[in-house]
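Novice: Input data-v5.txt, format and content: compact mmCIF, C-alpha atoms.
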```
# COMPACT_ATOMS: atom_id res chain seq x y z
CA MET F 1 -6.71 12.70 38.00
CA MET F 2 -3.55 14.40 39.26
CA THR F 3 -1.77 16.46 36.60
CA VAL F 4 1.88 15.75 35.90
CA GLU F 5 2.72 19.25 37.17
CA LYS F 6 0.96 18.51 40.47
CA PHE F 7 2.68 15.11 40.63
CA LYS F 8 6.05 16.86 40.32
CA GLU F 9 5.16 19.03 43.33
CA VAL F 10 4.17 15.97 45.40
CA PHE F 11 7.32 14.17 44.27
CA GLU F 12 9.42 17.10 45.50
CA SER F 13 7.62 17.65 48.79
CA ASP F 14 6.67 14.11 49.89
CA ILE F 15 8.89 11.61 48.08
CA VAL F 16 12.39 13.11 47.84
CA MET F 17 11.80 16.05 50.19
CA ILE F 18 13.48 18.74 48.20
CA ASP F 19 12.80 22.42 47.49
CA PRO F 20 9.88 23.17 45.14
CA GLY F 21 10.96 23.70 41.54
CA PHE F 22 14.22 21.74 41.94
CA VAL F 23 13.20 18.77 39.84
CA ASP F 24 12.79 18.80 36.06
CA THR F 25 12.52 16.13 33.37
CA ASP F 26 16.28 15.59 33.20
CA THR F 27 16.95 15.45 36.96
CA VAL F 28 19.05 12.35 37.67
CA LEU F 29 17.24 10.48 40.44
CA GLN F 30 20.38 8.91 41.89
CA GLU F 31 21.71 12.40 42.58
CA LEU F 32 18.82 13.17 44.95
CA SER F 33 19.94 12.32 48.48
CA ASP F 34 16.52 10.98 49.51
CA TRP F 35 16.09 8.71 46.47
CA ASP F 36 16.26 5.45 48.42
CA SER F 37 14.20 2.31 48.98
CA LEU F 38 11.74 4.28 51.11
CA ALA F 39 11.33 6.75 48.24
CA TYR F 40 10.52 3.75 45.97
CA ILE F 41 7.71 2.81 48.33
CA SER F 42 6.46 6.39 48.66
CA LEU F 43 6.50 6.72 44.87
CA ASN F 44 4.45 3.54 44.45
CA ALA F 45 1.98 4.71 47.10
CA CYS F 46 1.58 8.00 45.22
CA LEU F 47 1.20 6.27 41.83
CA ASP F 48 -1.33 3.79 43.26
CA GLU F 49 -3.37 6.51 44.91
CA ASN F 50 -3.46 8.90 41.98
CA TYR F 51 -3.10 6.79 38.83
CA GLY F 52 -4.07 3.28 39.91
CA PHE F 53 -0.78 1.55 39.08
CA THR F 54 2.55 0.72 40.74
CA LEU F 55 6.02 -0.03 39.38
CA THR F 56 7.77 -3.36 39.94
CA ALA F 57 11.12 -3.44 41.75
CA ASN F 58 12.82 -3.91 38.34
CA GLU F 59 11.00 -0.95 36.79
CA LEU F 60 11.98 1.16 39.81
CA ALA F 61 15.62 0.14 39.52
CA GLU F 62 15.60 1.08 35.82
CA LEU F 63 14.40 4.65 36.45
CA SER F 64 17.21 7.05 35.59
CA VAL F 65 15.76 10.57 35.34
CA PHE F 66 12.52 12.12 36.61
CA GLY F 67 11.16 12.08 33.03
CA ASP F 68 11.20 8.24 33.16
CA ILE F 69 8.57 8.33 35.90
CA VAL F 70 6.49 10.76 33.83
CA LYS F 71 6.66 8.33 30.88
CA HIS F 72 5.11 5.61 33.06
CA ILE F 73 2.41 8.02 34.22
CA ASN F 74 1.60 9.09 30.64
CA LYS F 75 0.94 5.44 29.75
CA HIS F 76 -1.82 5.42 32.38
CA LEU F 77 -3.41 8.82 31.71
CA MET N 18 -18.13 -21.19 69.11
CA VAL N 19 -14.38 -21.28 69.54
CA THR N 20 -13.17 -18.30 71.56
CA ILE N 21 -9.90 -16.69 72.56
CA LYS N 22 -9.92 -17.14 76.31
CA SER N 23 -6.73 -15.23 77.09
CA ILE N 24 -3.61 -13.78 75.51
CA GLU N 25 -0.25 -12.92 77.04
CA TYR N 26 2.93 -11.68 75.40
CA TYR N 27 6.59 -11.48 76.28
CA LEU N 28 9.18 -9.09 74.86
CA PRO N 29 12.89 -9.61 75.58
CA GLU N 30 14.48 -7.12 77.99
CA HIS N 31 17.15 -5.63 75.75
CA VAL N 32 15.96 -2.42 74.05
CA GLU N 33 17.33 -1.25 70.72
CA VAL N 34 16.49 2.34 69.80
CA ASN N 35 15.91 3.83 66.34
CA ASP N 36 17.23 7.38 65.92
CA ARG N 37 14.23 9.72 66.41
CA ASN N 38 15.90 12.36 64.23
CA ASP N 39 16.12 9.96 61.29
CA LYS N 40 13.25 10.56 58.89
CA LEU N 41 13.04 6.81 58.28
CA THR N 42 12.11 6.36 61.95
CA THR N 43 9.24 8.84 61.66
CA LYS N 44 7.96 7.21 58.49
CA ILE N 45 7.98 3.66 59.87
CA GLY N 46 6.73 4.80 63.30
CA ILE N 47 9.02 2.37 65.12
CA PHE N 48 11.08 4.02 67.87
CA GLU N 49 12.21 1.00 69.89
CA LYS N 50 12.47 -2.73 69.43
CA ARG N 51 13.15 -5.50 71.92
CA ILE N 52 15.96 -7.78 70.85
CA ALA N 53 16.79 -11.25 72.19
CA LYS N 54 20.23 -11.70 73.77
CA ALA N 55 22.82 -13.81 71.93
CA ASP N 56 21.93 -16.90 73.97
CA GLU N 57 18.18 -16.23 74.08
CA TYR N 58 16.14 -18.06 71.44
CA ALA N 59 12.56 -17.87 70.18
CA SER N 60 11.63 -20.95 72.22
CA ASP N 61 12.84 -19.14 75.39
CA LEU N 62 10.56 -16.21 74.60
CA ALA N 63 7.78 -18.73 73.90
CA ILE N 64 8.26 -20.32 77.33
CA ALA N 65 8.11 -16.90 79.03
CA ALA N 66 4.87 -15.97 77.21
CA ALA N 67 3.24 -19.34 77.96
CA ASN N 68 4.29 -19.32 81.63
CA GLN N 69 2.75 -15.87 81.95
CA LEU N 70 -0.48 -17.28 80.50
CA PHE N 71 -0.57 -20.00 83.17
CA GLU N 72 0.42 -17.66 86.01
CA LYS N 73 -1.86 -14.72 85.28
CA ASN N 74 -4.97 -16.68 84.30
CA ASP N 75 -6.97 -19.51 85.73
CA ILE N 76 -5.50 -22.07 83.36
CA LYS N 77 -4.03 -25.41 84.34
CA ARG N 78 -1.28 -27.07 82.35
CA GLU N 79 -3.09 -30.43 82.51
CA ASP N 80 -6.13 -28.94 80.76
CA ILE N 81 -4.17 -28.24 77.56
CA ASP N 82 -4.67 -30.95 74.95
CA PHE N 83 -3.02 -29.41 71.89
CA LEU N 84 -0.02 -27.13 71.34
CA LEU N 85 0.44 -25.14 68.14
CA TYR N 86 3.75 -23.28 67.82
CA CYS N 87 4.20 -20.73 65.04
CA THR N 88 7.81 -19.77 64.38
CA GLN N 89 10.39 -19.22 61.67
CA SER N 90 13.19 -19.33 64.23
CA PRO N 91 13.09 -23.01 65.26
CA ASP N 92 15.67 -24.43 67.68
CA TYR N 93 16.64 -27.25 65.29
CA TYR N 94 15.88 -28.66 61.84
CA LEU N 95 14.48 -31.49 63.87
CA PRO N 96 12.97 -32.28 66.33
CA THR N 97 9.90 -30.06 66.09
CA THR N 98 10.26 -27.20 68.57
CA ALA N 99 6.66 -27.74 69.75
CA CYS N 100 7.74 -31.16 71.08
CA VAL N 101 10.63 -29.56 72.98
CA LEU N 102 8.19 -26.99 74.35
CA GLN N 103 5.82 -29.71 75.60
CA ASN N 104 8.55 -30.92 77.92
CA ARG N 105 9.91 -27.51 78.92
CA LEU N 106 6.38 -26.28 79.73
CA SER N 107 5.50 -29.50 81.66
CA LEU N 108 2.45 -30.08 79.49
CA PRO N 109 0.83 -33.54 79.53
CA THR N 110 2.37 -36.15 77.21
CA SER N 111 -1.15 -36.82 75.93
CA ILE N 112 -1.18 -33.54 73.96
CA GLY N 113 -0.78 -33.14 70.21
CA ALA N 114 1.97 -30.67 69.28
CA LEU N 115 3.20 -29.27 66.00
CA ASP N 116 5.06 -26.33 64.51
CA ILE N 117 3.63 -23.94 61.95
CA ASN N 118 6.31 -22.35 59.77
CA LEU N 119 4.65 -19.06 58.82
CA GLY N 120 5.59 -15.44 59.44
CA CYS N 121 3.33 -12.42 59.48
CA SER N 122 0.22 -14.36 58.42
CA GLY N 123 0.85 -17.08 61.04
CA TYR N 124 -1.45 -15.91 63.81
CA VAL N 125 -4.54 -15.96 61.63
CA TYR N 126 -3.61 -19.42 60.29
CA GLY N 127 -3.03 -20.73 63.81
CA LEU N 128 -6.44 -19.47 64.94
CA SER N 129 -8.00 -21.26 62.00
CA LEU N 130 -6.23 -24.54 62.84
CA ALA N 131 -7.21 -24.24 66.50
CA LYS N 132 -10.84 -23.61 65.51
CA GLY N 133 -10.77 -26.70 63.31
CA LEU N 134 -9.29 -28.89 66.06
CA ILE N 135 -11.84 -27.74 68.64
CA GLU N 136 -14.94 -27.68 66.43
CA SER N 137 -14.22 -31.18 65.13
CA GLY N 138 -13.97 -32.48 68.68
CA GLN N 139 -10.29 -33.37 68.48
CA ALA N 140 -9.23 -30.92 71.19
CA ASN N 141 -10.82 -28.84 73.92
CA ASN N 142 -8.12 -26.38 74.96
CA VAL N 143 -5.52 -25.34 72.40
CA LEU N 144 -2.41 -23.47 73.49
CA PHE N 145 -1.23 -21.44 70.51
CA ILE N 146 2.21 -19.85 70.83
CA THR N 147 3.92 -17.49 68.39
CA ALA N 148 7.60 -16.54 68.73
CA ASP N 149 10.34 -15.23 66.49
CA THR N 150 13.82 -13.75 66.67
CA TYR N 151 14.31 -12.28 63.20
CA SER N 152 17.08 -10.14 64.77
CA LYS N 153 19.35 -13.19 64.54
CA PHE N 154 18.94 -13.19 60.73
CA ILE N 155 19.45 -9.44 60.29
CA HIS N 156 22.76 -7.86 59.30
CA PRO N 157 23.46 -4.89 61.60
CA LYS N 158 24.21 -2.69 58.57
CA ASP N 159 21.03 -3.47 56.62
CA ARG N 160 18.75 -0.48 57.02
CA SER N 161 16.05 -2.07 54.85
CA VAL N 162 15.17 -4.50 57.68
CA LYS N 163 17.06 -3.62 60.86
CA PRO N 164 14.87 -0.69 61.98
CA LEU N 165 11.67 -2.67 61.36
CA PHE N 166 11.84 -6.04 63.09
CA GLY N 167 11.72 -6.74 66.81
CA ASP N 168 11.74 -10.06 68.69
CA GLY N 169 8.82 -11.29 70.78
CA ALA N 170 6.43 -14.09 71.68
CA THR N 171 2.76 -14.53 72.51
CA ALA N 172 0.61 -17.26 74.02
CA THR N 173 -3.11 -17.60 73.32
CA LEU N 174 -5.55 -20.07 74.87
CA LEU N 175 -8.44 -21.15 72.66
CA THR N 176 -11.42 -23.04 73.92
CA ALA N 177 -15.06 -23.77 73.07
CA ALA N 178 -17.73 -21.62 74.69
CA PRO N 179 -21.50 -21.49 74.31
CA GLY N 180 -23.09 -18.40 72.78
CA PRO N 181 -22.57 -16.19 69.76
CA PHE N 182 -19.05 -15.01 70.60
CA GLY N 183 -15.85 -16.23 69.02
CA LEU N 184 -14.01 -16.95 65.78
CA LYS N 185 -16.20 -16.79 62.68
CA SER N 186 -15.06 -16.66 59.05
CA PHE N 187 -11.62 -17.10 57.56
CA VAL N 188 -10.20 -16.45 54.09
CA PHE N 189 -6.71 -17.42 52.93
CA GLY N 190 -4.22 -16.66 50.20
CA THR N 191 -0.83 -17.96 49.05
CA ASP N 192 1.46 -16.89 46.22
CA GLY N 193 4.86 -18.58 46.25
CA SER N 194 5.97 -16.53 43.22
CA GLY N 195 6.92 -13.87 45.79
CA SER N 196 8.99 -16.22 47.95
CA ASN N 197 12.30 -14.58 46.94
CA ASN N 198 11.18 -11.13 48.05
CA LEU N 199 11.31 -11.86 51.78
CA ILE N 200 13.78 -14.62 52.45
CA VAL N 201 16.84 -15.87 54.29
CA PRO N 202 18.39 -17.42 51.16
CA ALA N 203 21.05 -19.65 52.78
CA GLY N 204 21.16 -21.96 55.76
CA GLY N 205 18.58 -24.53 54.70
CA LEU N 206 19.26 -27.75 52.81
CA ARG N 207 18.85 -26.29 49.30
CA ASN N 208 21.47 -23.64 49.93
CA PRO N 209 23.56 -24.61 52.97
CA LEU N 210 25.83 -22.22 54.86
CA SER N 211 29.18 -21.96 53.10
CA GLU N 212 31.98 -19.45 52.76
CA ALA N 213 30.34 -18.01 49.64
CA ASN N 214 27.00 -17.65 51.39
CA LEU N 215 28.58 -15.82 54.30
CA LYS N 216 30.27 -13.29 52.01
CA GLU N 217 28.89 -9.82 52.70
CA GLU N 218 27.78 -7.65 49.82
CA THR N 219 26.63 -4.04 49.58
CA ASP N 220 23.43 -3.29 47.65
CA ALA N 221 22.58 -0.19 45.56
CA PHE N 222 21.44 1.67 48.70
CA GLY N 223 24.55 0.87 50.76
CA ASN N 224 22.90 -1.89 52.82
CA ILE N 225 25.17 -4.79 53.72
CA ARG N 226 24.06 -8.41 53.95
CA SER N 227 25.10 -11.97 53.08
CA ASN N 228 22.96 -14.83 51.82
CA SER N 229 22.64 -16.03 55.40
CA ASN N 230 20.87 -12.79 56.37
CA LEU N 231 17.27 -11.71 55.99
CA TYR N 232 16.57 -10.01 52.67
CA MET N 233 13.46 -7.96 51.97
CA ASN N 234 12.51 -6.40 48.67
CA GLY N 235 10.51 -3.55 50.23
CA PRO N 236 8.87 -2.17 47.07
CA GLU N 237 7.70 -5.64 45.95
CA ILE N 238 6.33 -6.43 49.43
CA PHE N 239 4.52 -3.08 49.40
CA ASN N 240 2.99 -3.82 45.98
CA PHE N 241 1.91 -7.30 47.10
CA THR N 242 0.26 -5.84 50.17
CA LEU N 243 -1.56 -3.13 48.20
CA ASN N 244 -3.02 -5.75 45.88
CA GLU N 245 -3.80 -8.64 48.20
CA VAL N 246 -4.90 -7.08 51.49
CA PRO N 247 -7.89 -5.13 50.11
CA ALA N 248 -8.84 -8.13 47.94
CA SER N 249 -8.80 -10.56 50.88
CA ILE N 250 -10.83 -8.14 53.00
CA ASN N 251 -13.44 -7.99 50.23
CA LYS N 252 -13.49 -11.78 50.13
CA LEU N 253 -14.07 -11.90 53.88
CA LEU N 254 -16.88 -9.32 53.69
CA GLU N 255 -18.51 -11.33 50.91
CA LYS N 256 -18.25 -14.52 52.95
CA GLU N 257 -19.79 -12.81 55.99
CA GLY N 258 -22.38 -10.97 53.90
CA CYS N 259 -21.56 -7.66 55.60
CA ASN N 260 -19.88 -4.30 55.02
CA LEU N 261 -16.64 -2.82 56.29
CA GLU N 262 -18.72 -0.44 58.45
CA ASP N 263 -20.19 -3.43 60.33
CA PHE N 264 -16.78 -4.03 61.95
CA ASP N 265 -16.01 -2.26 65.22
CA PHE N 266 -12.25 -2.72 65.12
CA PHE N 267 -9.45 -3.76 62.75
CA ILE N 268 -6.13 -5.35 63.61
CA PHE N 269 -3.79 -5.73 60.67
CA HIS N 270 -0.36 -7.31 60.89
CA GLN N 271 1.65 -4.47 62.44
CA ALA N 272 4.22 -4.08 59.67
CA ASN N 273 5.05 -0.39 59.93
CA GLN N 274 3.31 2.97 60.11
CA TYR N 275 3.75 3.93 56.46
CA MET N 276 2.27 0.74 55.06
CA LEU N 277 -0.58 0.53 57.57
CA GLU N 278 -1.59 4.16 57.21
CA TYR N 279 -1.61 3.81 53.45
CA LEU N 280 -3.79 0.69 53.64
CA ARG N 281 -6.10 2.31 56.20
CA LYS N 282 -6.68 5.35 54.01
CA LYS N 283 -7.09 3.26 50.86
CA LEU N 284 -9.71 1.12 52.60
CA LYS N 285 -11.33 4.20 54.24
CA ILE N 286 -11.13 2.79 57.77
CA ASP N 287 -11.60 5.26 60.65
CA SER N 288 -8.31 5.71 62.57
CA ASN N 289 -10.19 5.17 65.88
CA LYS N 290 -11.07 1.64 64.76
CA PHE N 291 -7.58 0.76 63.56
CA SER N 292 -4.81 -0.68 65.70
CA ILE N 293 -1.33 0.88 65.66
CA GLN N 294 0.77 -0.98 68.25
CA PHE N 295 4.38 -1.22 67.21
CA GLY N 296 6.11 2.04 68.21
CA ASP N 297 7.83 0.39 71.19
CA CYS N 298 8.36 -3.13 69.84
CA GLY N 299 8.58 -3.05 66.02
CA ASN N 300 7.33 -5.69 63.65
CA THR N 301 7.36 -8.91 65.72
CA VAL N 302 6.22 -11.10 62.78
CA SER N 303 3.50 -13.60 63.83
CA SER N 304 3.27 -11.97 67.27
CA THR N 305 2.11 -8.52 66.08
CA ILE N 306 -1.61 -9.32 65.88
CA PRO N 307 -1.93 -10.96 69.33
CA ILE N 308 0.18 -8.21 70.94
CA ALA N 309 -2.07 -5.56 69.37
CA LEU N 310 -5.22 -7.51 70.30
CA LYS N 311 -4.12 -7.79 73.93
CA ARG N 312 -3.25 -4.09 74.13
CA GLU N 313 -6.50 -2.94 72.50
CA LEU N 314 -8.45 -5.09 74.97
CA GLU N 315 -6.52 -3.60 77.88
CA ASN N 316 -7.09 -0.02 76.73
CA GLY N 317 -10.79 -0.64 76.16
CA LYS N 318 -10.80 -0.18 72.39
CA ILE N 319 -12.23 -3.70 71.98
CA LYS N 320 -15.23 -4.59 74.15
CA LYS N 321 -17.58 -7.53 74.58
CA GLY N 322 -19.70 -8.08 71.48
CA ASP N 323 -17.41 -6.07 69.19
CA LYS N 324 -16.95 -7.40 65.68
CA VAL N 325 -13.20 -7.50 65.00
CA MET N 326 -11.26 -8.16 61.80
CA LEU N 327 -7.75 -9.63 61.85
CA VAL N 328 -5.57 -9.53 58.72
CA GLY N 329 -2.13 -11.17 58.47
CA PHE N 330 0.12 -10.84 55.41
CA GLY N 331 3.76 -11.24 54.48
CA VAL N 332 6.54 -13.77 53.92
CA GLY N 333 5.58 -16.57 51.55
CA TYR N 334 3.71 -14.71 50.19
CA SER N 335 1.05 -15.84 52.61
CA TRP N 336 -2.00 -13.98 53.84
CA ALA N 337 -5.26 -14.57 55.68
CA ALA N 338 -8.13 -12.59 57.17
CA ALA N 339 -10.54 -13.55 59.93
CA SER N 340 -13.58 -12.15 61.68
CA LEU N 341 -14.48 -12.67 65.30
CA THR N 342 -16.90 -11.36 67.88
CA TRP N 343 -15.14 -10.56 71.12
CA ASN N 344 -16.36 -12.69 74.02
CA GLU N 345 -15.54 -10.94 77.26
```
Would you kindly transcribe this structure into structure tokens?
Specialist:
Amino acid sequence: MMTVEKFKEVFESDIVMIDPGFVDTDTVLQELSDWDSLAYISLNACLDENYGFTLTANELAELSVFGDIVKHINKHL
Amino acid sequence: MVTIKSIEYYLPEHVEVNDRNDKLTTKIGIFEKRIAKADEYASDLAIAAANQLFEKNDIKREDIDFLLYCTQSPDYYLPTTACVLQNRLSLPTSIGALDINLGCSGYVYGLSLAKGLIESGQANNVLFITADTYSKFIHPKDRSVKPLFGDGATATLLTAAPGPFGLKSFVFGTDGSGSNNLIVPAGGLRNPLSEANLKEETDAFGNIRSNSNLYMNGPEIFNFTLNEVPASINKLLEKEGCNLEDFDFFIFHQANQYMLEYLRKKLKIDSNKFSIQFGDCGNTVSSTIPIALKRELENGKIKKGDKVMLVGFGVGYSWAAASLTWNE
């Protein structure tokens, strides 16, 4: 299963397309310019592929910081 | 067996381009769409596709005995657009004609209905038309739907033919709990057009729409697709008693590149056996599968005797999968 560290790298490179190492637990998602509805879908694709779950539209809308995504992942590890 | 004798499609002339430098365009793989003019309606596109079917193939109008018309862009509440089309297409008054109100799953459902009509002896030659103009529902400043959907129409002739070729198994699925996730909320009887329903609002991503426009909850639609498409394919394989590898070609509803590529990889389908036919026309709703089928036949990807899987899924939620062996 993908480690959280590896997930962070994929999140940066494929989902919000930002420089490696930019994102940490407290990064506010809304402040990332590519955090949009397409990023929601890319995130769900990544979660489905690597952890076997997806977030509902409501759960996605409630995400505030990057650490919130990690919390969901930890529930499925 | 009931076979697809011929398919033709018509795309409106006006081209709308998606910005190639926009990363959204690359992700969805849709570079152009054809959009109906202000005074051009789905039934007009339907007429063009059907006339092409009669002109390019050895098919006589008087041989048609049933017309199925799949659309979510009808001319009127009533009468049924299929009845209007009977007259405009100069089809015999002895035909049966009805509308099917389905979107992206509609082609597979229509094939199933046509198969039923022919196999039960109620019809010999079914003309099955699909046409939609979602562009008329879309707000020009809604990026969650505008880059995706194109207008278009197709006409398919179905008939009985001896031998092992034709439409085989079908499986279906419906889940109305997702009806609010792809919807034009206002304009019907439950929620008629009013000043309030025409009021434009901006969503969290800066997209603008009113209740009279098309709304799509992309993430929910994606989740629905991830769950139901693989499950319905497994159901079809079980029904046929075969494996995914036994199929020579796959045509899924041509939603967009991102979704289809994800599904293809998840299902481990070879990219050479998987249709991608929307870069120049977008998601044309119930017309995507017949457009892709026609193009894959023309470019030789589907040949006589090939086992083909069709999978439609979307608004409703509604989905269906079918298997067929190509006839000619």
Novice: Near chain F, which residues of chain N fall within 9 Å when you count all atoms listed in the file, and what do they look like as a list in words?
Specialist: Leu41, Lys44, Ser161, Ala221, Phe222, Asn234, Gly235, Pro236, Glu237, Phe239, Asn240, Leu243, Tyr275, Met276, Tyr279 and Lys283 of chain N
Novice: Those residues with C-alpha atoms, as a short mmCIF file (atom, residue, chain, number, x, y, z; two decimals), keeping the file's coordinate frame please?
Specialist:
```
data_model
loop_
_atom_site.label_atom_id
_atom_site.label_comp_id
_atom_site.auth_asym_id
_atom_site.auth_seq_id
_atom_site.Cartn_x
_atom_site.Cartn_y
_atom_site.Cartn_z
CA LEU N 41 13.04 6.81 58.28
CA LYS N 44 7.96 7.21 58.49
CA SER N 161 16.05 -2.07 54.85
CA ALA N 221 22.58 -0.19 45.56
CA PHE N 222 21.44 1.67 48.70
CA ASN N 234 12.51 -6.40 48.67
CA GLY N 235 10.51 -3.55 50.23
CA PRO N 236 8.87 -2.17 47.07
CA GLU N 237 7.70 -5.64 45.95
CA PHE N 239 4.52 -3.08 49.40
CA ASN N 240 2.99 -3.82 45.98
CA LEU N 243 -1.56 -3.13 48.20
CA TYR N 275 3.75 3.93 56.46
CA MET N 276 2.27 0.74 55.06
CA TYR N 279 -1.61 3.81 53.45
CA LYS N 283 -7.09 3.26 50.86
#
```
Novice: Give me the residues within 6 Å of Tyr334 in chain N as a list of chain:residue names, counting all atoms listed in the file and dropping any in the same chain fewer than 6 places off.
Specialist: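 Those residues are N:Thr191, N:Asp192, N:Gly193, N:Gly195, N:Ser196.
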Novice: Could you tell me how far CA of Tyr126 in chain N lies from CA of Pro209 in chain N, in Å and to one decimal?
Specialist: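 Rounded to one decimal, the two atoms are 28.6 Å apart.
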Novice: Taking (8.9, -9.1, 70.0) in the file's coordinates, which residues come within 9 Å, counting only C-alpha atoms, written as an MDAnalysis selection string?
Specialist: chainID N and resid 26:29 50:53 62 148:150 166:171 298:302 304:305 308
Novice: Between CA of Leu108 in chain N and CA of Lys153 in chain N, what is the distance in Å, rounded to a tenth?
Specialist: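 Distance reported for this atom pair: 28.2 Å.
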Novice: Quick one: distance from CA of Asn141 in chain N to CA of Asp80 in chain N in Å, one decimal?
Specialist: 8.3 Å
Novice: In terms of the shortest atom-to-atom distance over all atoms listed in the file, which of N:Ile21, N:Leu165, N:Ala59, N:Leu253 is closest to Ala337 in chain N?
Specialist: N:Leu253
Novice: Between F:Val23, F:Leu47, F:Val65, F:Leu29, which residue has the minimum interatomic distance to Leu77 in chain F, considering only C-alpha atoms?
Specialist: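 Answer, going by the shortest atom-to-atom distance: F:Leu47.
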